[in-house]
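Colleague: Handing over protein-v7.txt, compact mmCIF, C-alpha atoms.
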# COMPACT_ATOMS: atom_id res chain seq x y z
CA MET A 268 -32.95 16.11 10.23
CA SER A 269 -30.27 15.51 12.85
CA SER A 270 -28.39 12.29 13.48
CA TYR A 271 -27.39 10.83 16.83
CA LEU A 272 -24.68 8.45 17.93
CA CYS A 273 -26.73 6.32 20.32
CA ALA A 274 -24.38 3.59 21.54
CA ILE A 275 -20.79 2.38 21.23
CA GLY A 276 -19.64 -1.21 21.72
CA THR A 277 -16.01 -2.30 21.77
CA ALA A 278 -14.05 -5.53 21.67
CA ASN A 279 -10.43 -6.60 21.92
CA PRO A 280 -8.63 -9.91 21.46
CA PRO A 281 -8.33 -11.74 24.78
CA LEU A 282 -4.53 -11.64 24.76
CA ARG A 283 -3.42 -8.54 26.72
CA ILE A 284 0.35 -8.08 26.91
CA PRO A 285 2.33 -5.64 29.11
CA GLN A 286 4.15 -3.02 27.10
CA LEU A 287 7.61 -3.93 28.36
CA GLN A 288 7.05 -7.59 27.50
CA ILE A 289 6.36 -6.51 23.91
CA ALA A 290 9.57 -4.46 24.05
CA ASP A 291 11.52 -7.62 24.90
CA PHE A 292 9.94 -9.44 21.94
CA MET A 293 10.89 -6.58 19.63
CA ALA A 294 14.46 -6.40 20.93
CA ASN A 295 14.93 -10.13 20.33
CA ALA A 296 13.29 -9.99 16.89
CA LEU A 297 15.54 -7.09 15.86
CA GLU A 298 18.56 -8.86 17.39
CA LEU A 299 19.55 -5.71 19.28
CA ASP A 300 22.62 -5.55 21.46
CA GLU A 301 22.45 -4.55 25.12
CA GLY A 302 22.59 -0.83 24.39
CA GLY A 303 19.95 -1.03 21.68
CA THR A 304 17.67 -3.06 23.96
CA ARG A 305 18.05 -0.49 26.73
CA LYS A 306 17.10 2.34 24.38
CA LEU A 307 14.12 0.41 23.02
CA ARG A 308 12.80 -0.32 26.51
CA ALA A 309 13.14 3.37 27.36
CA LEU A 310 11.01 4.25 24.30
CA TYR A 311 8.33 1.80 25.42
CA ARG A 312 8.39 3.09 29.01
CA VAL A 313 7.66 6.69 27.98
CA SER A 314 4.94 5.74 25.46
CA GLY A 315 2.11 6.18 27.95
CA ILE A 316 0.99 2.62 27.18
CA ALA A 317 0.71 -0.06 29.86
CA HIS A 318 -0.84 -2.88 27.84
CA ARG A 319 -1.87 -3.74 24.30
CA HIS A 320 -4.13 -6.43 22.86
CA THR A 321 -3.16 -8.64 19.92
CA VAL A 322 -4.51 -11.54 17.90
CA LEU A 323 -0.98 -12.99 17.70
CA PRO A 324 0.11 -14.94 20.81
CA ASP A 325 3.72 -14.88 19.58
CA TYR A 326 4.27 -11.46 21.14
CA ALA A 327 4.01 -13.12 24.56
CA ARG A 328 6.25 -16.07 23.65
CA ALA A 329 9.90 -16.85 23.08
CA ASN A 330 11.48 -17.87 19.79
CA GLY A 331 10.91 -21.60 19.48
CA GLU A 332 7.28 -21.33 20.61
CA PHE A 333 5.93 -19.12 17.79
CA GLU A 334 2.83 -20.04 15.79
CA PHE A 335 2.85 -17.16 13.26
CA PHE A 336 6.45 -15.95 13.06
CA PRO A 337 9.17 -18.43 12.04
CA ASN A 338 11.08 -20.04 14.88
CA THR A 339 14.40 -18.95 13.38
CA PRO A 340 17.03 -16.31 14.10
CA GLY A 341 15.79 -13.05 12.64
CA LEU A 342 12.31 -14.55 12.05
CA GLU A 343 13.21 -15.47 8.49
CA PRO A 344 11.48 -16.02 6.14
CA PHE A 345 9.49 -13.02 7.40
CA PRO A 346 5.69 -13.42 7.01
CA SER A 347 4.26 -12.18 3.72
CA VAL A 348 1.26 -9.96 3.06
CA GLY A 349 -0.74 -13.07 2.16
CA GLN A 350 0.01 -14.73 5.49
CA ARG A 351 -0.95 -11.57 7.38
CA MET A 352 -4.19 -11.17 5.43
CA ALA A 353 -5.11 -14.78 6.21
CA GLU A 354 -4.83 -13.93 9.92
CA TYR A 355 -6.87 -10.76 9.37
CA ARG A 356 -9.68 -12.73 7.76
CA ARG A 357 -9.55 -15.30 10.54
CA HIS A 358 -9.89 -12.78 13.37
CA ALA A 359 -11.67 -9.69 12.00
CA LEU A 360 -15.18 -11.14 11.83
CA PRO A 361 -15.49 -12.59 15.36
CA LEU A 362 -13.99 -9.44 16.88
CA SER A 363 -16.35 -7.23 14.86
CA VAL A 364 -19.39 -9.31 15.84
CA GLN A 365 -18.41 -9.00 19.50
CA ALA A 366 -18.21 -5.20 19.20
CA VAL A 367 -21.57 -4.97 17.39
CA ARG A 368 -23.31 -7.10 19.99
CA ALA A 369 -21.82 -4.96 22.77
CA CYS A 370 -23.27 -1.94 20.98
CA LEU A 371 -26.75 -3.28 20.26
CA GLU A 372 -27.28 -4.77 23.71
CA GLN A 373 -27.38 -1.17 24.98
CA LEU A 374 -30.37 -0.52 22.69
CA PRO A 375 -32.87 -3.33 23.34
CA GLU A 376 -35.58 -1.40 21.51
CA ILE A 377 -33.70 -1.76 18.19
CA GLU A 378 -34.21 -4.89 16.10
CA VAL A 379 -31.32 -6.04 13.94
CA SER A 380 -33.77 -6.28 11.05
CA SER A 381 -34.34 -2.51 11.26
CA ILE A 382 -30.72 -1.59 10.40
CA THR A 383 -30.71 0.04 6.98
CA HIS A 384 -27.00 0.80 6.40
CA LEU A 385 -23.72 -0.92 7.29
CA ILE A 386 -20.40 0.94 7.10
CA THR A 387 -17.21 -1.06 7.69
CA VAL A 388 -13.94 0.76 8.36
CA SER A 389 -10.44 -0.72 8.30
CA CYS A 390 -6.92 0.02 7.10
CA THR A 391 -5.24 -3.17 8.35
CA GLY A 392 -6.87 -5.78 6.12
CA MET A 393 -8.94 -6.15 2.97
CA TYR A 394 -10.54 -9.00 1.04
CA ALA A 395 -13.64 -9.53 -1.10
CA PRO A 396 -16.29 -10.74 -0.56
CA GLY A 397 -15.33 -8.92 2.59
CA LEU A 398 -16.02 -8.20 6.21
CA ASP A 399 -19.20 -6.30 5.33
CA LEU A 400 -20.83 -9.33 3.70
CA GLU A 401 -19.66 -11.63 6.48
CA LEU A 402 -21.22 -9.30 9.06
CA VAL A 403 -24.53 -9.37 7.19
CA ALA A 404 -24.59 -13.15 7.49
CA ALA A 405 -23.21 -13.39 11.04
CA LEU A 406 -25.57 -10.75 12.49
CA GLY A 407 -28.64 -11.66 10.47
CA LEU A 408 -28.85 -8.22 8.87
CA PRO A 409 -31.30 -7.79 5.99
CA SER A 410 -29.80 -8.90 2.67
CA HIS A 411 -30.78 -5.53 1.20
CA VAL A 412 -28.89 -3.50 3.83
CA GLN A 413 -26.90 -0.77 2.10
CA ARG A 414 -23.17 -1.43 2.52
CA THR A 415 -20.23 0.97 2.33
CA CYS A 416 -16.55 0.20 2.99
CA VAL A 417 -14.07 2.85 4.17
CA ASN A 418 -10.64 1.34 3.59
CA PHE A 419 -7.02 2.37 4.08
CA MET A 420 -7.66 5.90 5.38
CA GLY A 421 -5.87 5.31 8.68
CA CYS A 422 -6.53 6.62 12.15
CA TYR A 423 -9.03 9.32 11.17
CA ALA A 424 -11.32 6.97 9.21
CA ALA A 425 -13.90 6.59 12.00
CA LEU A 426 -14.83 10.25 11.52
CA ASN A 427 -15.35 9.61 7.82
CA GLY A 428 -17.57 6.68 8.74
CA LEU A 429 -19.59 8.95 11.01
CA LYS A 430 -19.84 11.59 8.26
CA LEU A 431 -21.36 8.97 5.99
CA ALA A 432 -23.75 7.82 8.70
CA ASP A 433 -24.81 11.42 9.28
CA ALA A 434 -25.44 11.93 5.56
CA PHE A 435 -27.49 8.74 5.31
CA CYS A 436 -29.65 9.74 8.28
CA ARG A 437 -30.23 13.24 6.93
CA ALA A 438 -31.13 11.88 3.48
CA THR A 439 -33.31 8.96 4.56
CA PRO A 440 -35.90 9.33 7.33
CA GLY A 441 -35.86 6.26 9.53
CA ALA A 442 -32.29 5.26 8.60
CA ARG A 443 -30.38 3.24 11.17
CA VAL A 444 -26.67 3.04 10.43
CA LEU A 445 -24.21 0.59 11.93
CA VAL A 446 -20.57 1.72 11.73
CA VAL A 447 -17.94 -0.94 12.50
CA CYS A 448 -14.23 -0.08 12.79
CA THR A 449 -11.96 -3.11 13.08
CA GLU A 450 -8.18 -2.87 13.11
CA LEU A 451 -5.60 -5.62 13.62
CA CYS A 452 -2.53 -3.43 13.65
CA THR A 453 -0.19 -5.95 15.29
CA LEU A 454 -0.29 -8.09 12.15
CA HIS A 455 1.96 -5.51 10.52
CA PHE A 456 5.06 -5.58 12.72
CA GLN A 457 8.04 -4.46 10.61
CA LYS A 458 11.43 -5.98 11.43
CA SER A 459 13.45 -2.83 10.89
CA PRO A 460 15.66 -0.71 13.17
CA GLU A 461 14.57 2.54 11.45
CA ASP A 462 13.11 5.11 13.84
CA ASP A 463 9.72 5.23 12.05
CA HIS A 464 9.27 1.51 12.48
CA LEU A 465 10.50 1.48 16.07
CA ILE A 466 7.91 4.15 16.93
CA SER A 467 5.00 2.44 15.16
CA ASN A 468 5.90 -0.95 16.64
CA ALA A 469 5.73 0.69 20.07
CA LEU A 470 2.24 2.15 19.67
CA PHE A 471 -0.27 -0.03 17.86
CA GLY A 472 -2.69 -2.63 19.18
CA ASP A 473 -5.78 -4.52 18.00
CA GLY A 474 -9.43 -3.67 18.60
CA SER A 475 -12.89 -3.15 17.16
CA ALA A 476 -15.59 -0.56 17.87
CA ALA A 477 -19.19 -0.41 16.62
CA VAL A 478 -21.64 2.49 16.82
CA LEU A 479 -25.31 2.90 16.00
CA VAL A 480 -26.36 6.20 14.39
CA GLN A 481 -29.99 7.14 13.77
CA GLY A 482 -32.25 10.16 13.43
CA ARG A 483 -33.31 10.34 17.09
CA PRO A 484 -31.58 9.95 20.46
CA ALA A 485 -31.57 6.64 22.31
CA ALA A 486 -34.68 5.91 24.35
CA ASN A 487 -32.61 5.61 27.53
CA GLY A 488 -29.34 7.28 28.44
CA PRO A 489 -27.18 9.83 26.64
CA SER A 490 -26.61 10.15 22.91
CA LEU A 491 -24.29 12.42 20.95
CA ALA A 492 -25.75 14.57 18.17
CA LEU A 493 -23.40 14.77 15.17
CA THR A 494 -23.36 18.56 14.97
CA ALA A 495 -20.54 19.58 12.59
CA PHE A 496 -17.44 18.25 10.82
CA HIS A 497 -14.35 19.88 9.35
CA CYS A 498 -11.36 18.36 7.57
CA ASP A 499 -8.05 19.97 6.72
CA LEU A 500 -4.57 19.06 5.53
CA GLU A 501 -1.07 19.88 6.70
CA PRO A 502 0.76 19.34 3.37
CA ASP A 503 4.20 19.67 4.95
CA GLY A 504 3.48 16.39 6.73
CA HIS A 505 2.74 14.45 3.55
CA ALA A 506 5.81 12.24 3.94
CA ASP A 507 5.80 12.12 7.75
CA MET A 508 2.68 10.02 8.23
CA ALA A 509 2.06 7.43 5.53
CA TRP A 510 0.79 3.86 5.10
CA HIS A 511 2.01 1.60 2.29
CA ILE A 512 1.54 -2.03 1.31
CA ASN A 513 4.88 -3.78 0.86
CA ASP A 514 5.95 -7.39 0.50
CA PHE A 515 5.95 -8.04 4.24
CA GLY A 516 2.77 -6.37 5.47
CA PHE A 517 1.53 -2.80 5.64
CA GLU A 518 4.34 -0.38 6.42
CA MET A 519 3.69 2.66 8.60
CA THR A 520 5.74 5.84 8.31
CA LEU A 521 5.37 7.86 11.50
CA SER A 522 8.09 10.43 12.00
CA SER A 523 8.94 12.24 15.22
CA TYR A 524 7.89 15.52 13.52
CA VAL A 525 4.18 14.60 13.48
CA PRO A 526 3.32 16.00 16.95
CA ARG A 527 4.88 19.36 16.03
CA MET A 528 2.95 19.51 12.75
CA ILE A 529 -0.33 18.69 14.47
CA GLN A 530 0.42 21.37 17.04
CA GLN A 531 0.91 23.90 14.21
CA GLY A 532 -2.37 23.03 12.49
CA ILE A 533 -4.79 22.18 15.29
CA GLY A 534 -5.62 25.77 16.25
CA GLN A 535 -6.68 26.73 12.72
CA LEU A 536 -8.62 23.47 12.36
CA THR A 537 -10.59 24.27 15.53
CA GLN A 538 -11.29 27.84 14.46
CA ARG A 539 -12.67 26.70 11.10
CA LEU A 540 -14.86 24.04 12.69
CA LEU A 541 -16.40 26.49 15.16
CA ALA A 542 -16.37 29.62 12.98
CA ASP A 543 -20.11 29.73 12.22
CA LEU A 544 -21.41 27.89 15.27
CA PRO A 545 -22.82 29.28 18.52
CA VAL A 546 -19.96 27.55 20.34
CA GLN A 547 -16.49 28.79 21.25
CA LEU A 548 -13.51 26.75 22.39
CA ALA A 549 -13.96 28.16 25.89
CA ASP A 550 -17.46 26.65 25.98
CA ILE A 551 -16.15 23.11 25.49
CA HIS A 552 -15.29 21.07 28.54
CA ALA A 553 -15.45 17.56 27.07
CA PHE A 554 -12.91 16.28 24.54
CA ALA A 555 -12.51 13.02 22.63
CA ILE A 556 -9.12 13.19 20.94
CA HIS A 557 -7.52 10.32 19.07
CA PRO A 558 -4.49 9.27 21.14
CA GLY A 559 -2.06 8.79 18.29
CA GLY A 560 0.67 8.92 20.92
CA ARG A 561 1.51 10.67 24.17
CA LYS A 562 3.44 13.46 22.44
CA ILE A 563 0.54 14.15 20.09
CA LEU A 564 -1.82 14.61 23.04
CA GLU A 565 0.66 16.89 24.78
CA SER A 566 1.15 18.97 21.62
CA ILE A 567 -2.61 19.52 21.29
CA GLU A 568 -2.84 20.57 24.92
CA GLN A 569 -0.13 23.16 24.39
CA ALA A 570 -1.72 24.51 21.21
CA LEU A 571 -5.28 24.78 22.58
CA GLY A 572 -4.57 25.51 26.24
CA LEU A 573 -6.00 22.20 27.45
CA THR A 574 -5.00 20.24 30.52
CA ALA A 575 -4.18 16.57 30.91
CA TYR A 576 -7.51 16.28 32.73
CA ASP A 577 -9.29 17.60 29.64
CA ASN A 578 -7.61 14.76 27.74
CA ARG A 579 -8.18 12.14 30.42
CA PHE A 580 -10.29 9.79 28.26
CA ALA A 581 -7.64 9.76 25.54
CA TYR A 582 -4.85 9.02 28.03
CA GLN A 583 -6.94 6.24 29.57
CA VAL A 584 -7.46 4.54 26.21
CA LEU A 585 -3.81 4.99 25.24
CA ARG A 586 -2.71 3.45 28.54
CA ASP A 587 -5.02 0.44 28.35
CA TYR A 588 -5.03 -0.34 24.62
CA GLY A 589 -2.43 1.69 22.71
CA ASN A 590 -3.29 3.13 19.32
CA MET A 591 -5.85 0.91 17.49
CA SER A 592 -5.97 3.12 14.39
CA SER A 593 -9.55 4.03 13.34
CA ALA A 594 -11.25 2.30 16.27
CA THR A 595 -9.34 4.29 18.89
CA VAL A 596 -11.33 7.54 18.90
CA LEU A 597 -14.52 5.52 19.32
CA PHE A 598 -13.01 3.89 22.43
CA VAL A 599 -12.37 7.42 23.71
CA LEU A 600 -15.97 8.47 22.99
CA ARG A 601 -17.18 5.36 24.80
CA GLU A 602 -15.29 6.35 27.94
CA LEU A 603 -16.74 9.86 27.72
CA LEU A 604 -20.31 8.55 27.22
CA ARG A 605 -20.02 6.48 30.40
CA THR A 606 -19.53 9.61 32.49
CA LEU A 607 -22.46 11.67 31.12
CA THR A 608 -25.59 12.49 33.11
CA PRO A 609 -28.77 14.45 32.27
CA ALA A 610 -27.04 17.52 33.73
CA ASP A 611 -24.69 17.43 30.71
CA ALA A 612 -27.54 17.74 28.19
CA GLY A 613 -26.68 20.31 25.52
CA ALA A 614 -22.95 20.27 26.32
CA PRO A 615 -20.62 20.42 23.29
CA VAL A 616 -17.96 17.75 22.77
CA LEU A 617 -14.92 18.33 20.56
CA SER A 618 -13.24 15.40 18.82
CA PHE A 619 -10.10 15.14 16.65
CA ALA A 620 -8.38 12.37 14.71
CA PHE A 621 -5.30 12.37 12.47
CA GLY A 622 -3.83 10.26 9.72
CA PRO A 623 -1.84 10.03 6.50
CA GLY A 624 -1.58 13.15 4.48
CA LEU A 625 -1.14 14.73 7.09
CA THR A 626 -4.94 14.75 7.51
CA LEU A 627 -6.58 16.60 10.40
CA GLU A 628 -10.21 15.69 11.06
CA SER A 629 -12.47 17.41 13.58
CA MET A 630 -16.01 16.83 14.80
CA LEU A 631 -18.34 18.70 17.11
CA LEU A 632 -20.94 16.67 18.98
CA THR A 633 -23.67 17.73 21.40
CA VAL A 634 -24.82 15.69 24.40
CA ALA A 635 -28.48 14.79 23.91
CA TYR A 636 -31.24 13.12 25.86
CA GLU A 637 -34.73 12.55 24.49
CA GLU A 638 -36.16 15.22 26.75
CA ASN A 639 -33.82 17.98 25.48
CA VAL A 640 -33.82 17.02 21.81
CA GLN A 641 -35.31 20.34 20.62
CA ASN A 642 -32.49 22.37 22.15
CA VAL A 643 -29.96 20.13 20.44
CA GLU A 644 -31.80 20.40 17.13
CA ASP A 645 -31.51 24.20 17.31
CA VAL A 646 -27.69 23.96 17.55
CA VAL A 647 -27.52 21.38 14.77
CA ASN A 648 -29.71 23.51 12.51
CA VAL A 649 -27.37 26.47 12.92
CA ALA A 650 -24.47 24.19 11.96
CA ALA A 651 -26.35 22.97 8.88
CA LEU A 652 -27.16 26.50 7.72
CA SER A 653 -23.51 27.55 8.05
CA SER A 654 -22.14 24.60 6.08
Mind turning the file's structure into structure tokens?
Modeller:
Amino acid sequence: MSSYLCAIGTANPPLRIPQLQIADFMANALELDEGGTRKLRALYRVSGIAHRHTVLPDYARANGEFEFFPNTPGLEPFPSVGQRMAEYRRHALPLSVQAVRACLEQLPEIEVSSITHLITVSCTGMYAPGLDLELVAALGLPSHVQRTCVNFMGCYAALNGLKLADAFCRATPGARVLVVCTELCTLHFQKSPEDDHLISNALFGDGSAAVLVQGRPAANGPSLALTAFHCDLEPDGHADMAWHINDFGFEMTLSSYVPRMIQQGIGQLTQRLLADLPVQLADIHAFAIHPGGRKILESIEQALGLTAYDNRFAYQVLRDYGNMSSATVLFVLRELLRTLTPADAGAPVLSFAFGPGLTLESMLLTVAYEENVQNVEDVVNVAALSS
């Protein structure tokens, strides 16, 4: 039995801040001199990001007007993990509910009571009883809905959530799986002049994305059949992309070597994904690649012979939202879904996401409409036999 991604809903905090305004906040917080401020603004200008969303209004304010950070020189005492997790719990539920409602309103034929599984995904906050239980109550999901939490896996975790949804649908006829990725990355600003922290502070924003996966395409409009998955590791990058909990939030390690390492491994990852499928890279004209950063997108283009136009949905999301960790690739898939027509039925879509490890995740999807479902099933069956 195949599974289909039938709708994607997204949500962001209402506060949308220009990238260079965030750069000014960071320069003041780090107490940089004129030269350091100039270099930091240059980094933000070449990031490919125009705006980012945040749950913290302080990023748009001056010292003396802060609500979360201390109104002191150097922002001392710097907010603790506990303070950041309190903000996560305050904001994660309403943002997640907004994303779920945006998803389900595209599928009026689906009753909330018919959802059988709930998968929550996040690496920027945790508590228990957690977001999954709060969503059950807020959405009116059945109390017996089967819940799974995917925590702390980073930017590639949405693909793991979709793998689980695919497995549930294949194992249980009639399963309807809601996957919710919610990330509040801006809670974890690190007040450090180290290059890793300067880069991560320049990239991450807040957002939530929800998808509905079931065993048949949506009644109206395009769906995406979950056709095949492949995961691999680039062990040399183990220390170059990492995510640790420290005393002052979650600390991201993101070295400048990551784009080069992804470029080295992406070709082999693609070959292994497609090895036993009736699809070659040349057959794929739609891509949904996690925009971990502008250089990462450019490195993938060089390795696979893609153009910036091939990556246009990723660049669009990067420009408008920045990197929202696990939710980001679902934003990219949403932009792609909006452009599909019945003429695209049967077309393959290639998706990648990356995270700590260095983990390389890939996914092949197939555009599906109800009327062409048998053709899609044939491709999916070949993928299942080869796995």
Colleague: Which residues of stretch 521-597 of chain A sit at most 10 Å from stretch 615-622 of chain A, using only C-alpha atoms? Give each one's shortest atom pair and distance in Å (one decimal place), in chain and ascending residue order, as CSV.
Modeller:
residue,atom,partner,partner_atom,distance
A:Leu521,CA,A:Gly622,CA,9.7
A:Val525,CA,A:Phe621,CA,9.8
A:Ile529,CA,A:Phe621,CA,8.3
A:Ile533,CA,A:Phe619,CA,8.9
A:Leu536,CA,A:Phe619,CA,9.5
A:Thr537,CA,A:Leu617,CA,8.9
A:Leu540,CA,A:Leu617,CA,9.7
A:Leu541,CA,A:Leu617,CA,9.9
A:Val546,CA,A:Pro615,CA,7.7
A:Gln547,CA,A:Pro615,CA,9.6
A:Leu548,CA,A:Leu617,CA,8.7
A:Asp550,CA,A:Pro615,CA,7.5
A:Ile551,CA,A:Pro615,CA,5.7
A:His552,CA,A:Val616,CA,7.2
A:Ala553,CA,A:Val616,CA,5.0
A:Phe554,CA,A:Leu617,CA,4.9
A:Ala555,CA,A:Ser618,CA,4.6
A:Ile556,CA,A:Phe619,CA,4.8
A:His557,CA,A:Ala620,CA,4.9
A:Pro558,CA,A:Ala620,CA,8.1
A:Gly559,CA,A:Phe621,CA,7.6
A:Ile563,CA,A:Phe621,CA,9.8
A:Ile567,CA,A:Phe619,CA,9.8
A:Ser592,CA,A:Gly622,CA,8.8
A:Ser593,CA,A:Ala620,CA,8.5
A:Thr595,CA,A:Ala620,CA,9.1
A:Val596,CA,A:Ala620,CA,7.0
A:Leu597,CA,A:Ser618,CA,10.0
Colleague: Figure out the distance between atom CA of A:His320 and atom CA of A:Glu334, please, to one decimal in Å.
Modeller: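 Those two atoms sit 16.8 Å apart.
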Colleague: Please provide as a PyMOL selection string all residues within 8 Å of A:Phe345, with the sequence filter that same-chain residues fewer than 2 positions apart are discarded (counting only C-alpha atoms).
Modeller: chain A and resi 336-337+342-343+347+515
Colleague: Using only C-alpha atoms, please write the residues we just selected to a file, as a JSON list (two decimals), in the coordinates of the input.
Modeller:
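Dumped to selection-v2.json:
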[["chain", "number", "residue", "atom", "x", "y", "z"],
["A", 336, "PHE", "CA", 6.45, -15.95, 13.06],
["A", 337, "PRO", "CA", 9.17, -18.43, 12.04],
["A", 342, "LEU", "CA", 12.31, -14.55, 12.05],
["A", 343, "GLU", "CA", 13.21, -15.47, 8.49],
["A", 347, "SER", "CA", 4.26, -12.18, 3.72],
["A", 515, "PHE", "CA", 5.95, -8.04, 4.24]]
Colleague: List as a PyMOL selection string the protein and nucleic acid residues near stretch 481-492 of chain A, meaning an atom at most 10 Å away when all atoms listed in the file are counted, but skip any in the same chain fewer than 5 places from it.
Modeller: chain A and resi 268-275+373-377+382-383+432-433+435-437+439-445+600+604-609+611-616+631-640+643-644+646-647
Colleague: List as CSV every residue of stretch 300-388 of chain A that is in contact with stretch 581-589 of chain A, defined as an atom at most 12 Å from one of its atoms (using only C-alpha atoms), together with the nearest atom pair and the distance in Å rounded to one decimal, sorted by chain and then rising number.
Modeller:
residue,atom,partner,partner_atom,distance
A:Tyr311,CA,A:Gly589,CA,11.1
A:Arg312,CA,A:Arg586,CA,11.1
A:Val313,CA,A:Arg586,CA,10.9
A:Ser314,CA,A:Arg586,CA,8.6
A:Gly315,CA,A:Arg586,CA,5.6
A:Ile316,CA,A:Arg586,CA,4.0
A:Ala317,CA,A:Arg586,CA,5.1
A:His318,CA,A:Asp587,CA,5.4
A:Arg319,CA,A:Tyr588,CA,4.7
A:His320,CA,A:Tyr588,CA,6.4
A:Thr321,CA,A:Tyr588,CA,9.7
Colleague: Just the number, please: distance in Å from atom CA of A:Ala405 to atom CA of A:Val364, one decimal.
Modeller: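 Straight-line distance from atom CA of A:Ala405 to atom CA of A:Val364 works out to 7.4 Å.
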Colleague: Tell me, as number ranges by chain, which residues lie within 10 Å of A:Glu450, counting only C-alpha atoms; anything in the same chain fewer than 2 positions away does not count.
Modeller: A: 279, 355, 359, 362-363, 388-392, 421-422, 447-448, 452-454, 471-476, 590-595
Colleague: Please, what distance in Å, to one decimal, runs between atom CA of A:Lys562 and atom CA of A:Met528?
Modeller: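 Computed distance, atom CA of A:Lys562 to atom CA of A:Met528, equals 11.4 Å.
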Colleague: Counting only C-alpha atoms, what is within 12 Å of A:Lys458, bar same-chain residues fewer than 6 positions away, as a PyMOL selection string?
Modeller: chain A and resi 292-299+336+341-346+464-465+467-468+515-519
Colleague: Kindly indicate which residue among A:Thr387, A:Gln288, A:Gln535, A:Ser566 lies nearest to A:Leu429, using all atoms listed in the file for the distances.
Modeller: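 Result for the nearest residue to A:Leu429: A:Thr387.
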Colleague: I'd like the neighbourhood of A:Leu310 as a list of chain:residue names, where a residue qualifies if any of its atoms comes within 9 Å (using all atoms listed in the file), though same-chain residues fewer than 6 positions away should be ignored.
Modeller: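 Once the nearby chain positions are removed, what remains is A:Ala290, A:Leu465, A:Ile466, A:Ala469.
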Colleague: Save out the residues we just selected, C-alpha atoms, as an mmCIF file, in the frame of the given file.
Modeller:
data_model
loop_
_atom_site.group_PDB
_atom_site.id
_atom_site.type_symbol
_atom_site.label_atom_id
_atom_site.label_comp_id
_atom_site.auth_asym_id
_atom_site.auth_seq_id
_atom_site.Cartn_x
_atom_site.Cartn_y
_atom_site.Cartn_z
ATOM 1 C CA ALA A 290 9.570 -4.460 24.050
ATOM 2 C CA LEU A 465 10.500 1.480 16.070
ATOM 3 C CA ILE A 466 7.910 4.150 16.930
ATOM 4 C CA ALA A 469 5.730 0.690 20.070
#
Colleague: With only C-alpha atoms as the basis for distance, which of A:Ser381, A:Pro623, A:Pro324, A:Pro460 is at the shortest distance from A:Asp300?
Modeller: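 Result for the nearest residue to A:Asp300: A:Pro460.
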